[in-house]
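Source file: my_file.pdb. Holds: PDB, C-alpha atoms.
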```pdb
ATOM      1  CA  MET A 298     393.968  72.114 236.271
ATOM      2  CA  TYR A 299     392.179  68.960 235.119
ATOM      3  CA  THR A 300     389.749  69.409 232.215
ATOM      4  CA  LYS A 301     387.220  66.680 231.526
ATOM      5  CA  PRO A 302     387.620  65.075 228.089
ATOM      6  CA  LEU A 303     385.455  66.381 225.268
ATOM      7  CA  VAL A 304     382.853  63.855 224.125
ATOM      8  CA  SER A 305     381.463  64.017 220.595
ATOM      9  CA  VAL A 306     377.860  62.804 220.294
ATOM     10  CA  ILE A 307     376.947  62.008 216.684
ATOM     11  CA  ILE A 308     373.319  61.756 215.543
ATOM     12  CA  PRO A 309     372.295  60.718 212.010
ATOM     13  CA  ALA A 310     368.846  62.070 211.148
ATOM     14  CA  PHE A 311     366.404  61.562 208.311
ATOM     15  CA  ASN A 312     362.902  63.061 208.437
ATOM     16  CA  ALA A 313     363.119  63.040 212.222
ATOM     17  CA  GLN A 314     360.996  66.112 212.980
ATOM     18  CA  GLY A 315     358.629  64.243 215.300
ATOM     19  CA  LEU A 316     361.213  62.833 217.702
ATOM     20  CA  ILE A 317     364.624  64.474 217.357
ATOM     21  CA  ALA A 318     363.871  67.247 219.873
ATOM     22  CA  GLU A 319     363.310  64.618 222.584
ATOM     23  CA  THR A 320     366.607  62.998 221.644
ATOM     24  CA  LEU A 321     368.517  66.282 221.752
ATOM     25  CA  ASP A 322     366.890  67.286 225.049
ATOM     26  CA  SER A 323     367.986  63.968 226.599
ATOM     27  CA  ILE A 324     371.579  64.678 225.528
ATOM     28  CA  LEU A 325     371.534  68.264 226.773
ATOM     29  CA  ALA A 326     370.212  66.951 230.112
ATOM     30  CA  GLN A 327     373.288  64.760 230.633
ATOM     31  CA  THR A 328     375.121  65.131 233.932
ATOM     32  CA  TYR A 329     378.328  65.285 231.870
ATOM     33  CA  GLU A 330     378.720  68.762 230.384
ATOM     34  CA  ASN A 331     381.772  68.799 228.110
ATOM     35  CA  LEU A 332     379.869  67.714 225.005
ATOM     36  CA  GLU A 333     380.034  68.361 221.294
ATOM     37  CA  ILE A 334     376.656  67.464 219.751
ATOM     38  CA  ILE A 335     376.670  66.865 216.002
ATOM     39  CA  VAL A 336     373.557  66.204 213.906
ATOM     40  CA  VAL A 337     374.086  65.000 210.348
ATOM     41  CA  ASP A 338     370.898  65.460 208.331
ATOM     42  CA  ASP A 339     370.826  62.725 205.686
ATOM     43  CA  GLY A 340     368.653  64.517 203.143
ATOM     44  CA  SER A 341     365.544  65.213 205.225
ATOM     45  CA  THR A 342     362.547  66.777 203.464
ATOM     46  CA  ASP A 343     360.597  67.654 206.619
ATOM     47  CA  LYS A 344     361.324  70.211 209.363
ATOM     48  CA  THR A 345     364.311  68.398 210.859
ATOM     49  CA  ALA A 346     366.664  71.241 209.882
ATOM     50  CA  GLN A 347     364.542  73.958 211.490
ATOM     51  CA  ILE A 348     364.157  71.995 214.716
ATOM     52  CA  VAL A 349     367.874  71.237 215.053
ATOM     53  CA  GLN A 350     368.967  74.745 214.091
ATOM     54  CA  GLY A 351     366.604  76.070 216.739
ATOM     55  CA  TYR A 352     369.067  74.791 219.361
ATOM     56  CA  GLY A 353     371.617  77.352 218.178
ATOM     57  CA  SER A 354     375.261  76.884 219.126
ATOM     58  CA  ARG A 355     374.470  73.989 221.445
ATOM     59  CA  VAL A 356     374.138  71.664 218.437
ATOM     60  CA  ARG A 357     376.233  71.596 215.256
ATOM     61  CA  TYR A 358     374.188  70.833 212.139
ATOM     62  CA  TYR A 359     375.383  69.388 208.818
ATOM     63  CA  TYR A 360     373.293  68.537 205.772
ATOM     64  CA  GLN A 361     374.089  65.993 203.078
ATOM     65  CA  SER A 362     372.249  64.193 200.282
ATOM     66  CA  ASN A 363     370.386  61.070 201.310
ATOM     67  CA  SER A 364     372.601  57.989 201.530
ATOM     68  CA  GLY A 365     369.925  55.409 202.313
ATOM     69  CA  GLY A 366     371.331  54.389 205.674
ATOM     70  CA  CYS A 367     373.120  55.526 208.830
ATOM     71  CA  ALA A 368     376.711  54.563 207.991
ATOM     72  CA  VAL A 369     377.531  57.539 205.761
ATOM     73  CA  PRO A 370     376.060  60.252 208.037
ATOM     74  CA  ARG A 371     377.815  58.726 211.042
ATOM     75  CA  ASN A 372     381.088  58.819 209.105
ATOM     76  CA  THR A 373     380.396  62.455 208.242
ATOM     77  CA  GLY A 374     379.878  63.127 211.933
ATOM     78  CA  ILE A 375     383.165  61.423 212.795
ATOM     79  CA  LYS A 376     384.959  63.566 210.208
ATOM     80  CA  HIS A 377     383.606  66.768 211.776
ATOM     81  CA  SER A 378     384.107  65.667 215.397
ATOM     82  CA  THR A 379     386.967  66.744 217.655
ATOM     83  CA  GLY A 380     386.216  64.895 220.911
ATOM     84  CA  ASP A 381     388.637  62.669 222.799
ATOM     85  CA  PHE A 382     385.759  60.182 223.083
ATOM     86  CA  ILE A 383     383.010  59.515 220.525
ATOM     87  CA  CYS A 384     379.544  58.050 220.921
ATOM     88  CA  PHE A 385     376.404  57.824 218.836
ATOM     89  CA  ILE A 386     372.652  57.856 219.217
ATOM     90  CA  ASP A 387     369.808  57.545 216.720
ATOM     91  CA  ALA A 388     367.436  60.468 216.250
ATOM     92  CA  ASP A 389     364.506  58.666 217.912
ATOM     93  CA  ASP A 390     366.219  57.224 221.008
ATOM     94  CA  LEU A 391     366.795  58.707 224.460
ATOM     95  CA  MET A 392     369.858  58.925 226.708
ATOM     96  CA  VAL A 393     369.630  58.171 230.409
ATOM     97  CA  LYS A 394     371.003  61.214 232.287
ATOM     98  CA  ASP A 395     374.313  59.701 233.424
ATOM     99  CA  ARG A 396     375.031  57.532 230.378
ATOM    100  CA  ILE A 397     377.962  59.644 229.130
ATOM    101  CA  ALA A 398     379.370  60.287 232.617
ATOM    102  CA  CYS A 399     379.443  56.555 233.373
ATOM    103  CA  GLN A 400     381.217  55.651 230.141
ATOM    104  CA  VAL A 401     383.769  58.447 230.428
ATOM    105  CA  ASP A 402     384.488  57.424 234.029
ATOM    106  CA  PHE A 403     384.976  53.824 232.915
ATOM    107  CA  LEU A 404     387.435  54.767 230.168
ATOM    108  CA  GLU A 405     389.370  57.044 232.499
ATOM    109  CA  HIS A 406     389.756  54.218 235.035
ATOM    110  CA  HIS A 407     390.568  51.532 232.440
ATOM    111  CA  LEU A 408     393.203  53.127 230.269
ATOM    112  CA  HIS A 409     393.855  49.909 228.301
ATOM    113  CA  VAL A 410     390.201  49.736 227.150
ATOM    114  CA  GLY A 411     389.202  51.640 224.022
ATOM    115  CA  LEU A 412     385.576  50.533 223.623
ATOM    116  CA  VAL A 413     382.849  50.417 226.266
ATOM    117  CA  PHE A 414     379.166  49.428 226.112
ATOM    118  CA  CYS A 415     376.276  50.248 228.393
ATOM    119  CA  ASP A 416     373.031  48.285 228.561
ATOM    120  CA  TYR A 417     369.857  49.467 226.839
ATOM    121  CA  CYS A 418     366.129  48.938 227.152
ATOM    122  CA  ASN A 419     363.493  48.971 224.416
ATOM    123  CA  PHE A 420     360.296  50.963 224.834
ATOM    124  CA  ASN A 421     357.181  51.822 222.864
ATOM    125  CA  GLU A 422     353.857  53.574 223.423
ATOM    126  CA  ALA A 423     353.001  51.064 226.148
ATOM    127  CA  GLY A 424     356.183  51.779 228.099
ATOM    128  CA  PRO A 425     359.553  50.082 228.660
ATOM    129  CA  PHE A 426     360.033  46.378 228.029
ATOM    130  CA  PRO A 427     360.400  44.184 231.143
ATOM    131  CA  SER A 428     363.997  43.089 230.436
ATOM    132  CA  SER A 429     367.063  45.038 229.426
ATOM    133  CA  HIS A 430     369.063  43.840 226.441
ATOM    134  CA  PHE A 431     371.940  42.423 228.518
ATOM    135  CA  GLN A 432     369.419  40.242 230.347
ATOM    136  CA  THR A 433     368.460  38.653 227.011
ATOM    137  CA  CYS A 434     372.088  37.634 226.321
ATOM    138  CA  PRO A 435     372.541  34.445 228.425
ATOM    139  CA  ARG A 436     376.278  34.043 227.986
ATOM    140  CA  LEU A 437     377.080  37.678 228.789
ATOM    141  CA  TRP A 438     374.534  37.834 231.621
ATOM    142  CA  LEU A 439     376.137  34.817 233.278
ATOM    143  CA  LEU A 440     379.321  36.883 233.637
ATOM    144  CA  LEU A 441     377.637  40.165 234.429
ATOM    145  CA  ARG A 442     374.628  39.344 236.582
ATOM    146  CA  ASP A 443     376.004  40.400 239.985
ATOM    147  CA  ARG A 444     378.713  42.789 238.804
ATOM    148  CA  ILE A 445     378.727  46.503 238.077
ATOM    149  CA  GLU A 446     381.207  46.217 235.217
ATOM    150  CA  ILE A 447     383.517  43.772 233.477
ATOM    151  CA  VAL A 448     386.257  43.843 230.853
ATOM    152  CA  LEU A 449     386.239  41.262 228.063
ATOM    153  CA  GLU A 450     389.729  40.609 226.774
ATOM    154  CA  LYS A 451     388.292  38.806 223.713
ATOM    155  CA  GLY A 452     385.113  40.718 223.036
ATOM    156  CA  CYS A 453     384.644  39.487 219.460
ATOM    157  CA  THR A 454     383.783  35.967 220.575
ATOM    158  CA  TYR A 455     380.963  37.297 222.757
ATOM    159  CA  LEU A 456     379.774  39.783 220.138
ATOM    160  CA  ALA A 457     379.628  37.113 217.450
ATOM    161  CA  ASP A 458     377.613  34.843 219.739
ATOM    162  CA  GLU A 459     375.337  37.472 221.316
ATOM    163  CA  ASN A 460     375.269  40.922 219.767
ATOM    164  CA  PHE A 461     374.971  42.853 223.030
ATOM    165  CA  GLY A 462     375.208  46.340 221.506
ATOM    166  CA  ILE A 463     373.521  48.891 219.268
ATOM    167  CA  ALA A 464     374.833  52.091 217.730
ATOM    168  CA  GLY A 465     373.640  54.149 220.678
ATOM    169  CA  SER A 466     375.152  52.021 223.426
ATOM    170  CA  PHE A 467     378.922  52.244 222.893
ATOM    171  CA  MET A 468     381.657  54.848 223.327
ATOM    172  CA  ILE A 469     385.158  54.758 221.849
ATOM    173  CA  ARG A 470     388.477  56.508 222.261
ATOM    174  CA  ARG A 471     389.322  58.584 219.214
ATOM    175  CA  SER A 472     392.645  56.733 219.023
ATOM    176  CA  LEU A 473     390.812  53.596 217.850
ATOM    177  CA  LEU A 474     390.000  55.341 214.575
ATOM    178  CA  ALA A 475     393.621  54.778 213.589
ATOM    179  CA  PHE A 476     392.704  51.089 213.217
ATOM    180  CA  GLU A 477     389.137  51.354 211.874
ATOM    181  CA  ALA A 478     388.289  54.741 210.405
ATOM    182  CA  GLY A 479     384.506  54.401 210.401
ATOM    183  CA  PHE A 480     381.372  52.536 209.395
ATOM    184  CA  GLU A 481     381.207  50.418 206.235
ATOM    185  CA  PRO A 482     379.343  52.737 203.817
ATOM    186  CA  THR A 483     377.931  49.943 201.626
ATOM    187  CA  LEU A 484     375.951  48.446 204.527
ATOM    188  CA  LYS A 485     372.447  49.876 204.893
ATOM    189  CA  SER A 486     371.808  48.089 208.195
ATOM    190  CA  CYS A 487     373.929  46.083 210.665
ATOM    191  CA  GLU A 488     376.688  48.646 210.005
ATOM    192  CA  ASP A 489     376.875  49.380 213.719
ATOM    193  CA  PHE A 490     377.654  45.742 214.602
ATOM    194  CA  HIS A 491     380.176  45.560 211.763
ATOM    195  CA  PHE A 492     381.947  48.687 213.078
ATOM    196  CA  TYR A 493     382.202  47.861 216.768
ATOM    197  CA  TYR A 494     383.090  44.235 216.042
ATOM    198  CA  ARG A 495     386.073  45.466 214.005
ATOM    199  CA  LEU A 496     387.002  47.865 216.794
ATOM    200  CA  ALA A 497     386.862  45.029 219.334
ATOM    201  CA  ARG A 498     389.665  43.272 217.452
ATOM    202  CA  HIS A 499     392.044  46.018 218.596
ATOM    203  CA  THR A 500     391.090  46.528 222.238
ATOM    204  CA  PRO A 501     389.597  44.877 225.301
ATOM    205  CA  VAL A 502     385.868  45.638 225.586
ATOM    206  CA  GLY A 503     384.309  47.246 228.633
ATOM    207  CA  ILE A 504     380.775  46.409 229.779
ATOM    208  CA  ILE A 505     378.821  48.598 232.209
ATOM    209  CA  ASN A 506     375.870  46.842 233.819
ATOM    210  CA  LYS A 507     373.625  49.882 233.679
ATOM    211  CA  ILE A 508     370.971  51.079 231.232
ATOM    212  CA  GLY A 509     372.263  54.111 229.360
ATOM    213  CA  ILE A 510     369.946  54.177 226.348
ATOM    214  CA  MET A 511     366.213  53.837 225.863
ATOM    215  CA  ARG A 512     365.635  52.528 222.337
ATOM    216  CA  ARG A 513     362.311  53.580 220.875
ATOM    217  CA  LEU A 514     360.437  50.958 218.830
ATOM    218  CA  HIS A 515     357.883  52.235 216.335
ATOM    219  CA  GLY A 516     356.588  51.575 212.838
ATOM    220  CA  ASN A 517     359.421  53.384 211.065
ATOM    221  CA  ASN A 518     362.324  51.513 212.695
ATOM    222  CA  MET A 519     364.696  50.089 210.118
ATOM    223  CA  SER A 520     364.704  46.848 212.119
ATOM    224  CA  GLY A 521     361.074  46.397 211.049
ATOM    225  CA  ASN A 522     362.242  45.620 207.497
ATOM    226  CA  SER A 523     362.971  41.951 208.111
ATOM    227  CA  THR A 524     364.300  41.006 204.670
ATOM    228  CA  ARG A 525     366.678  43.989 204.638
ATOM    229  CA  MET A 526     367.911  43.179 208.149
ATOM    230  CA  LEU A 527     368.442  39.517 207.252
ATOM    231  CA  THR A 528     370.194  40.298 203.966
ATOM    232  CA  GLU A 529     372.482  42.899 205.500
ATOM    233  CA  GLY A 530     373.004  40.675 208.542
ATOM    234  CA  ILE A 531     374.348  37.998 206.217
ATOM    235  CA  ARG A 532     376.545  40.449 204.341
ATOM    236  CA  SER A 533     377.968  42.140 207.444
ATOM    237  CA  ARG A 534     378.874  38.846 209.109
ATOM    238  CA  THR A 535     380.271  37.442 205.862
ATOM    239  CA  LEU A 536     382.587  40.454 205.539
ATOM    240  CA  LEU A 537     383.781  39.897 209.103
ATOM    241  CA  ARG A 538     384.168  36.149 208.720
ATOM    242  CA  GLU A 539     386.484  36.594 205.735
ATOM    243  CA  SER A 540     389.093  38.200 207.992
ATOM    244  CA  GLU A 541     388.298  36.465 211.300
ATOM    245  CA  MET A 542     391.228  34.388 212.586
ATOM    246  CA  GLU A 543     389.746  33.232 215.911
ATOM    247  CA  SER A 544     387.961  29.909 215.388
ATOM    248  CA  GLY A 545     385.292  30.392 218.041
ATOM    249  CA  ALA A 546     384.234  33.806 216.748
ATOM    250  CA  ARG A 547     384.308  32.509 213.178
ATOM    251  CA  SER A 548     382.007  29.633 214.123
ATOM    252  CA  HIS A 549     379.514  32.005 215.792
ATOM    253  CA  LEU A 550     379.515  34.264 212.729
ATOM    254  CA  SER A 551     378.848  31.259 210.480
ATOM    255  CA  ARG A 552     375.960  30.129 212.667
ATOM    256  CA  TYR A 553     374.408  33.600 212.530
ATOM    257  CA  ILE A 554     374.724  33.665 208.729
ATOM    258  CA  ALA A 555     373.081  30.239 208.498
ATOM    259  CA  ASP A 556     370.220  31.325 210.778
ATOM    260  CA  CYS A 557     369.582  34.389 208.592
ATOM    261  CA  GLN A 558     369.673  32.279 205.443
ATOM    262  CA  GLY A 559     367.159  29.872 206.985
ATOM    263  CA  SER A 560     364.850  32.750 207.895
ATOM    264  CA  LEU A 561     365.098  34.135 204.370
ATOM    265  CA  ALA A 562     364.276  30.665 203.019
ATOM    266  CA  CYS A 563     361.021  30.711 205.009
ATOM    267  CA  PHE A 564     360.210  34.221 203.784
ATOM    268  CA  TYR A 565     360.791  33.276 200.143
ATOM    269  CA  ALA A 566     358.736  30.092 200.474
ATOM    270  CA  ASP A 567     355.862  31.958 202.129
ATOM    271  CA  ASN A 568     355.809  34.346 199.172
ATOM    272  CA  GLY A 569     355.938  31.676 196.476
ATOM    273  CA  GLN A 570     359.606  32.158 195.600
ATOM    274  CA  TYR A 571     360.418  28.479 195.905
ATOM    275  CA  VAL A 572     363.679  28.399 193.934
ATOM    276  CA  GLN A 573     365.133  31.161 196.130
ATOM    277  CA  ALA A 574     363.870  29.332 199.227
ATOM    278  CA  LEU A 575     365.610  26.108 198.268
ATOM    279  CA  GLU A 576     368.794  28.002 197.423
ATOM    280  CA  LYS A 577     368.839  29.684 200.842
ATOM    281  CA  ASN A 578     368.245  26.355 202.593
ATOM    282  CA  GLY A 579     371.234  24.903 200.778
ATOM    283  CA  GLN A 580     373.400  27.916 201.572
ATOM    284  CA  ALA A 581     372.489  27.678 205.262
ATOM    285  CA  LEU A 582     373.502  24.029 205.399
ATOM    286  CA  PHE A 583     376.755  24.681 203.553
ATOM    287  CA  CYS A 584     377.606  27.712 205.698
ATOM    288  CA  TYR A 585     377.289  26.007 209.086
ATOM    289  CA  PHE A 586     377.249  22.213 208.829
ATOM    290  CA  CYS A 587     376.282  20.430 212.027
ATOM    291  CA  TRP A 588     373.598  17.896 212.966
ATOM    292  CA  SER A 589     371.255  20.508 214.365
ATOM    293  CA  GLN A 590     371.595  22.518 211.153
ATOM    294  CA  VAL A 591     370.949  19.377 209.088
ATOM    295  CA  TRP A 592     367.724  18.811 211.026
ATOM    296  CA  ILE A 593     366.632  22.436 210.578
ATOM    297  CA  ALA A 594     367.463  22.342 206.861
ATOM    298  CA  CYS A 595     365.576  19.068 206.324
ATOM    299  CA  ARG A 596     362.474  20.473 207.998
ATOM    300  CA  SER A 597     362.720  23.655 205.920
ATOM    301  CA  PHE A 598     363.262  21.709 202.691
ATOM    302  CA  ALA A 599     360.240  19.527 203.495
ATOM    303  CA  ARG A 600     358.103  22.580 204.273
ATOM    304  CA  THR A 601     359.019  24.165 200.948
ATOM    305  CA  ILE A 602     358.304  20.965 198.988
ATOM    306  CA  LEU A 603     354.904  20.623 200.667
ATOM    307  CA  MET A 604     354.150  24.191 199.656
ATOM    308  CA  ILE A 605     355.199  23.501 196.065
ATOM    309  CA  VAL A 606     352.805  20.549 195.781
ATOM    310  CA  GLY A 607     350.027  22.515 197.474
ATOM    311  CA  ILE A 608     349.725  20.583 200.727
ATOM    312  CA  HIS A 609     350.941  23.450 202.894
ATOM    313  CA  ASN A 610     349.793  27.014 202.127
ATOM    314  CA  PRO A 611     350.742  29.616 204.782
ATOM    315  CA  ARG A 612     349.712  33.244 204.575
ATOM    316  CA  LYS A 613     352.102  35.454 202.650
ATOM    317  CA  THR A 614     354.449  37.610 204.697
ATOM    318  CA  SER A 615     355.601  41.146 204.038
ATOM    319  CA  ASN A 616     358.977  42.841 204.191
TER     320      ASN A 616
END
```
Target format structure tokens, applied to this file:
Amino acid sequence: MYTKPLVSVIIPAFNAQGLIAETLDSILAQTYENLEIIVVDDGSTDKTAQIVQGYGSRVRYYYQSNSGGCAVPRNTGIKHSTGDFICFIDADDLMVKDRIACQVDFLEHHLHVGLVFCDYCNFNEAGPFPSSHFQTCPRLWLLLRDRIEIVLEKGCTYLADENFGIAGSFMIRRSLLAFEAGFEPTLKSCEDFHFYYRLARHTPVGIINKIGIMRRLHGNNMSGNSTRMLTEGIRSRTLLRESEMESGARSHLSRYIADCQGSLACFYADNGQYVQALEKNGQALFCYFCWSQVWIACRSFARTILMIVGIHNPRKTSN
């Protein structure tokens, strides 16, 4: 008798009392039933524990000291998981009812694929955004527009050019953990990209042209900390570039690093940190040297110099 594969759903949580019940309810409402739901509480000081434990045996709960990010609790969840397939979701996002069923079905029909992504849509108090994430990725959307699903044999090149995923949008076969055991614990953001990019080096990548996750945007999102996202974006891509052998993917990673360095240069200049701004401009130019980058760097250098001499004085920005 055929038994559907067990799917482990791993949720890192920190002071998530206001939203985690909605997240758990969206998982328990999945059309796919053979689930193992694991919440790893990363040192919460609110009522997260009471809320999660209120679900009884339907949800497994683990507590650990605060790590300052999502990588460590996700790794803890992986360690405690037993599913044939593994997926993740943040404690403030929502699953579309057939998200897990669609990804399991894809993996069962594409036995050579170990990693599959669904689309996602952002939402806030005003409602869902008009475009899904895949629709904002021109290169991927050109391939996907009129298709239900595709398989990318060289997924890293596309990921490096257009990061089409988030932590809550992918599912993996447990067997892939033999190649990459988990998330990089020193990264406090962008650890999800770093993990699934490394996984994509070992397997073709599946893409399902269907929204499976609703990502909630609010004031406490980590992505709202722009300097942290830029700094960790640089570090995550630099780590990947050091071991990247494919020239196209390496070039895309370098361009991303340069773009982040340029954005940091603007932030530093706007906050009167002119030496750091000039350093970041130079690093951007050195990282990805091309005529367009030269033009961008020259404009940024000029802007910083004008600010130093007092001709240009923009409003200070915040983190």
Interatomic distance (Å, one decimal) between CA of Lys485 (chain A) and CA of Ile335 (chain A) =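 Going from CA of Lys485 (chain A) over to CA of Ile335 (chain A), I get 20.7 Å.
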query = What lies within 9 Å of region 464-470 of chain A using all atoms listed in the file, ignoring chain neighbours under 5 positions off, as a ChimeraX atom specification?
reply = /A:380-387,390,392,396-397,400-401,404,410-417,488-490,493,496,508-510,512
Show me, as JSON lines, the residues of region 466-510 of chain A having an atom within 10 Å of region 530-542 of chain A, each with the closest atom pair and its distance in Å, using only C-alpha atoms.
```
{"residue": "A:Glu481", "atom": "CA", "partner": "A:Ser533", "partner_atom": "CA", "distance": 9.0}
{"residue": "A:Thr483", "atom": "CA", "partner": "A:Ser533", "partner_atom": "CA", "distance": 9.7}
{"residue": "A:Leu484", "atom": "CA", "partner": "A:Ser533", "partner_atom": "CA", "distance": 7.2}
{"residue": "A:Lys485", "atom": "CA", "partner": "A:Ser533", "partner_atom": "CA", "distance": 9.8}
{"residue": "A:Ser486", "atom": "CA", "partner": "A:Gly530", "partner_atom": "CA", "distance": 7.5}
{"residue": "A:Cys487", "atom": "CA", "partner": "A:Gly530", "partner_atom": "CA", "distance": 5.9}
{"residue": "A:Glu488", "atom": "CA", "partner": "A:Ser533", "partner_atom": "CA", "distance": 7.1}
{"residue": "A:Asp489", "atom": "CA", "partner": "A:Ser533", "partner_atom": "CA", "distance": 9.6}
{"residue": "A:Phe490", "atom": "CA", "partner": "A:Ser533", "partner_atom": "CA", "distance": 8.0}
{"residue": "A:His491", "atom": "CA", "partner": "A:Ser533", "partner_atom": "CA", "distance": 5.9}
{"residue": "A:Phe492", "atom": "CA", "partner": "A:Ser533", "partner_atom": "CA", "distance": 9.5}
{"residue": "A:Tyr494", "atom": "CA", "partner": "A:Leu537", "partner_atom": "CA", "distance": 8.2}
{"residue": "A:Arg495", "atom": "CA", "partner": "A:Leu537", "partner_atom": "CA", "distance": 7.8}
{"residue": "A:Arg498", "atom": "CA", "partner": "A:Glu541", "partner_atom": "CA", "distance": 9.3}
```
Resolved residues for the PyMOL selection byres ((chain A and resi 371) around 10) as a PDB file with C-alpha atoms, in the coordinates of the input:
```
ATOM      1  CA  ILE A 307     376.947  62.008 216.684  1.00  0.00           C
ATOM      2  CA  ILE A 308     373.319  61.756 215.543  1.00  0.00           C
ATOM      3  CA  PRO A 309     372.295  60.718 212.010  1.00  0.00           C
ATOM      4  CA  ALA A 310     368.846  62.070 211.148  1.00  0.00           C
ATOM      5  CA  ILE A 335     376.670  66.865 216.002  1.00  0.00           C
ATOM      6  CA  VAL A 336     373.557  66.204 213.906  1.00  0.00           C
ATOM      7  CA  VAL A 337     374.086  65.000 210.348  1.00  0.00           C
ATOM      8  CA  ASP A 339     370.826  62.725 205.686  1.00  0.00           C
ATOM      9  CA  GLY A 366     371.331  54.389 205.674  1.00  0.00           C
ATOM     10  CA  CYS A 367     373.120  55.526 208.830  1.00  0.00           C
ATOM     11  CA  ALA A 368     376.711  54.563 207.991  1.00  0.00           C
ATOM     12  CA  VAL A 369     377.531  57.539 205.761  1.00  0.00           C
ATOM     13  CA  PRO A 370     376.060  60.252 208.037  1.00  0.00           C
ATOM     14  CA  ASN A 372     381.088  58.819 209.105  1.00  0.00           C
ATOM     15  CA  THR A 373     380.396  62.455 208.242  1.00  0.00           C
ATOM     16  CA  GLY A 374     379.878  63.127 211.933  1.00  0.00           C
ATOM     17  CA  ILE A 375     383.165  61.423 212.795  1.00  0.00           C
ATOM     18  CA  LYS A 376     384.959  63.566 210.208  1.00  0.00           C
ATOM     19  CA  HIS A 377     383.606  66.768 211.776  1.00  0.00           C
ATOM     20  CA  PHE A 385     376.404  57.824 218.836  1.00  0.00           C
ATOM     21  CA  ILE A 386     372.652  57.856 219.217  1.00  0.00           C
ATOM     22  CA  ASP A 387     369.808  57.545 216.720  1.00  0.00           C
ATOM     23  CA  ALA A 464     374.833  52.091 217.730  1.00  0.00           C
ATOM     24  CA  GLY A 479     384.506  54.401 210.401  1.00  0.00           C
ATOM     25  CA  PHE A 480     381.372  52.536 209.395  1.00  0.00           C
ATOM     26  CA  PRO A 482     379.343  52.737 203.817  1.00  0.00           C
ATOM     27  CA  ASP A 489     376.875  49.380 213.719  1.00  0.00           C
TER      28      ASP A 489
END
```
task = Skip Ile324 (chain A) itself and residues of its chain fewer than 5 positions away, then list as a ChimeraX atom specification all residues within 10 Å of it, counting all atoms listed in the file.
result = /A:306,318-319,329-330,332,334,386,391-397
query = Neighbours of region 561-577 of chain A within 6 Å (only C-alpha atoms; same-chain residues fewer than 2 positions away dropped), as number ranges by chain?
reply = A: 558-559, 579-580, 601, 613
request  = Provide the CA of Arg600 (chain A) to CA of Phe583 (chain A) distance in Å, to one decimal place.
outcome  = 18.8 Å
request  = Please measure the separation of CA of Leu514 (chain A) and CA of Gln361 (chain A), giving the value in Å to one decimal.
outcome  =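 For CA of Leu514 (chain A) relative to CA of Gln361 (chain A), the distance reads 25.7 Å.
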Using only C-alpha atoms, what table do you get, as a tab-separated table, when you list each residue of region 504-556 of chain A with an atom no more than 10 Å from region 420-431 of chain A, its nearest pair of atoms, and their distance in Å rounded to one decimal, rows by chain then rising number?
```
residue	atom	partner	partner_atom	distance
A:Ile504	CA	A:Phe431	CA	9.8
A:Ile505	CA	A:Phe431	CA	10.0
A:Asn506	CA	A:Phe431	CA	7.9
A:Lys507	CA	A:Ser429	CA	9.2
A:Ile508	CA	A:Ser429	CA	7.4
A:Met511	CA	A:Phe420	CA	6.7
A:Arg512	CA	A:Phe420	CA	6.1
A:Arg513	CA	A:Phe420	CA	5.2
A:Leu514	CA	A:Asn421	CA	5.3
A:His515	CA	A:Asn421	CA	6.6
```
